[in-house]
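Worksheet: one structure, shown below.
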Amino acid sequence: MTTERILIVGGAGYIGSHAAKAVRLSGREPVVFDDLSCGHEHAVRWGPLVKGDIRNAGAVRAAIREYRPSAVMQFAARIEVGEGEKDPAHFYDNNVAGTLNLVRVMLEEGVRNLVFSSTCAIYGDPERLPLTEDLPKRPVSVYGRTKLMTEQMLEDVSRAHGLRFAALRYFNAAGADPDGEIGEEHEPETHLVPNALKAAAGLGGAMKLFGTDYPTPDGTCIRDFVHVTDLAEAHILAAETIAARDTNLQLNLGAGQGRTVMEVLRAVERATGKPVPVEIAGRRAGDAVALYADTTNVTRELGWTPRLSDIDTVVSTAWAFHRKAWKLG
């Protein structure tokens with residue numbers, strides 16, 4: 001009996017590598033396709049690695065012909081918001097044109113199931129909370145616009161050519177594999193949890209805290225932190241659902257609970273037993289006061305509920321990974 005395969009584009013990165021492990025645990029073989037411009041070869045542990053650029057149709061075609069996947073998970077994207085504002089053409093080329101190239105080759109090779117890594121940034125500044133999928137889509141960043149444009153492209157291609165897709169709109173992915181095998185390794189690192197852990201560990205000085213005057217209980221922003229392993233498991237369910245029901249899905253994917261930045265710092269202090277030194281800075285342009293998901297639809301459509309997304313589990317798994325990665329003993 002042939003093992004079912006799933007092609008994981010961008011599978012050497014943070015979320016993609018956790019998805020690869022989840023695919024393996026589901027009894028399928030993950031085939032990672034990654035150019036390693038942002039990902040790490042050592043994070044590819046559960047199946048073969050094909051080195052290639054998503055914009056190279058020949059490389060994508062060769063991978064699909066060799067491994068014949070039943071579905072594709074698309075994580076490959078430029079994600080750093082500030083970088084997108086400085087070099088929007090690069091973001092559109094990678095995030096939109098790259099995904100269009102992938103989809104075109106998929107359809108030519110008879111692969112019709114795609115799980116796409118989208119973002120809550122497509123909503124921009126929300127009219128109300130929690131965020132529901134029917135809210136207006138008004139992204140305020142190049143990054144958010146590239147993800148919204150890609151979703152619209154997928155809708156059009158689906159109508160014309162029968163593509164089945166799930167667009168999963170992430171909130172704040174955080175944490176690390178509970179077994180400690182993989183974790184977050186961005187360079188430069190812009191995410192709150194690893195930067196707070198680094199500050200608590202005495203590596204690199206105080207953490208910049210952007211804004212303490214928001215209209216929230218403690219003056220800091222509110223965000224929805226969802227454990228990366230929970231995110232990965234949702235991708236498996238999404239791939240199974242669109243194939244079984246011959247349908248498309250566009251779903252918010254978060255823990256459904258808002259946490260202030262200060263609450264996260266307190267969780268870091270509980271996990272490390274050390275204070276988090278901070279340097280107070282002004283608000284960053286474009287930072288919304290609060291963002292957190294209404295998870296009604298993702299629970300109903302996928303039967304998914306997060307298992308590991310309480311803030312202490314998120315932080316403690318990240319700390320276990322980083323302690324080892326930073327050789328802190």
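Following the order of the structure tokens, chains are lettered A, B, ..., residues in each are numbered from 1, and ligands are numbered from 1.
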
**Request:** With a distance cut-off of 8 Å and only C-alpha atoms, select the neighbouring residues of range 86-95 of chain A, excluding the residue or stretch itself and same-chain residues fewer than 3 positions from it, and output the selection as a list in words.
**Result:**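 Here the answer would be Ile54, Arg55, Ala76, Ala77, Arg78, Gly82, Glu83, Gly98, Thr99, Val142, Tyr143, Thr146, Lys147 and Thr150 of chain A.
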
**Message:** Can you tell me which residues surround range 120-128 of chain A at a distance of at most 10 Å, considering only C-alpha atoms, apart from same-chain residues fewer than 6 positions away, and format the answer as an MDAnalysis selection string?
**Reply:** chainID A and resid 81 134:149 151 168:172 251:254 286:293

Selection to disk with C-alpha atoms, as a JSON list (two decimals), in the first residue's frame:
```json
[["chain", "number", "residue", "atom", "x", "y", "z"],
["A", 81, "VAL", "CA", 5.67, 43.64, 7.93],
["A", 134, "ASP", "CA", -17.52, 38.19, 7.57],
["A", 135, "LEU", "CA", -15.82, 41.41, 8.71],
["A", 136, "PRO", "CA", -14.64, 43.82, 5.98],
["A", 137, "LYS", "CA", -11.18, 43.04, 4.59],
["A", 138, "ARG", "CA", -9.15, 46.25, 4.81],
["A", 139, "PRO", "CA", -5.49, 45.33, 5.30],
["A", 140, "VAL", "CA", -3.19, 48.18, 6.33],
["A", 141, "SER", "CA", 0.13, 46.54, 5.34],
["A", 142, "VAL", "CA", 1.70, 45.23, 2.16],
["A", 143, "TYR", "CA", 1.93, 41.84, 3.87],
["A", 144, "GLY", "CA", -1.81, 41.78, 4.59],
["A", 145, "ARG", "CA", -2.65, 42.94, 1.08],
["A", 146, "THR", "CA", -0.57, 40.16, -0.50],
["A", 147, "LYS", "CA", -2.40, 37.56, 1.57],
["A", 148, "LEU", "CA", -5.84, 39.00, 0.74],
["A", 149, "MET", "CA", -4.96, 39.20, -2.95],
["A", 151, "GLU", "CA", -7.16, 34.51, -1.24],
["A", 168, "LEU", "CA", -6.47, 29.59, 7.34],
["A", 169, "ARG", "CA", -6.21, 33.10, 8.74],
["A", 170, "TYR", "CA", -3.65, 32.85, 11.53],
["A", 171, "PHE", "CA", -3.51, 35.02, 14.57],
["A", 172, "ASN", "CA", -0.23, 34.98, 16.59],
["A", 251, "LEU", "CA", -11.41, 30.34, 8.48],
["A", 252, "ASN", "CA", -9.96, 32.30, 11.38],
["A", 253, "LEU", "CA", -7.38, 30.25, 13.24],
["A", 254, "GLY", "CA", -6.64, 31.49, 16.74],
["A", 286, "GLY", "CA", -0.33, 50.24, 12.30],
["A", 287, "ASP", "CA", -0.52, 48.29, 15.58],
["A", 288, "ALA", "CA", -4.17, 47.64, 16.42],
["A", 289, "VAL", "CA", -5.29, 47.94, 20.03],
["A", 290, "ALA", "CA", -6.67, 44.39, 20.12],
["A", 291, "LEU", "CA", -6.98, 41.39, 17.80],
["A", 292, "TYR", "CA", -8.48, 38.06, 18.75],
["A", 293, "ALA", "CA", -10.48, 35.45, 16.90]]
```

**Message:** Which residues are near Val23 in chain A? Cut-off 12 Å, only C-alpha atoms, ignore same chain within fewer than 2 positions. Put them as a PyMOL selection string.
**Reply:** chain A and resi 3-8+11+16-21+25-32+45-47+71-73+229+232-240

**Request:** Find the residue from A:Ser37, A:Asn248, A:Ala243, A:Gly183 that sits nearest to Val111 in chain A; use only C-alpha atoms when measuring.
**Result:**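 Going through A:Ser37, A:Asn248, A:Ala243, A:Gly183 one by one, the smallest distance to Val111 in chain A is for A:Ala243.
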
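With only C-alpha atoms as the atoms that count, the minimum distance from Gly211 in chain A to the choices A:Asp230, A:Glu109, A:Glu279, A:Glu184 is reached by A:Glu279.
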
**Message:** Neighbouring residues of Val315 in chain A were defined as those with any atom within 6 Å, considering only C-alpha atoms; residues of the same chain fewer than 3 positions away were excluded. Please report them as a list in words.
**Reply:** Gly175, Asp312 and Ala318 of chain A

**Request:** Return the single residue from A:Ile79, A:Ala244, A:Met153, A:Leu249 that is closest to His191 in chain A, with distances computed using only C-alpha atoms.
**Result:**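 For His191 in chain A, the nearest of the candidates is A:Ile79.
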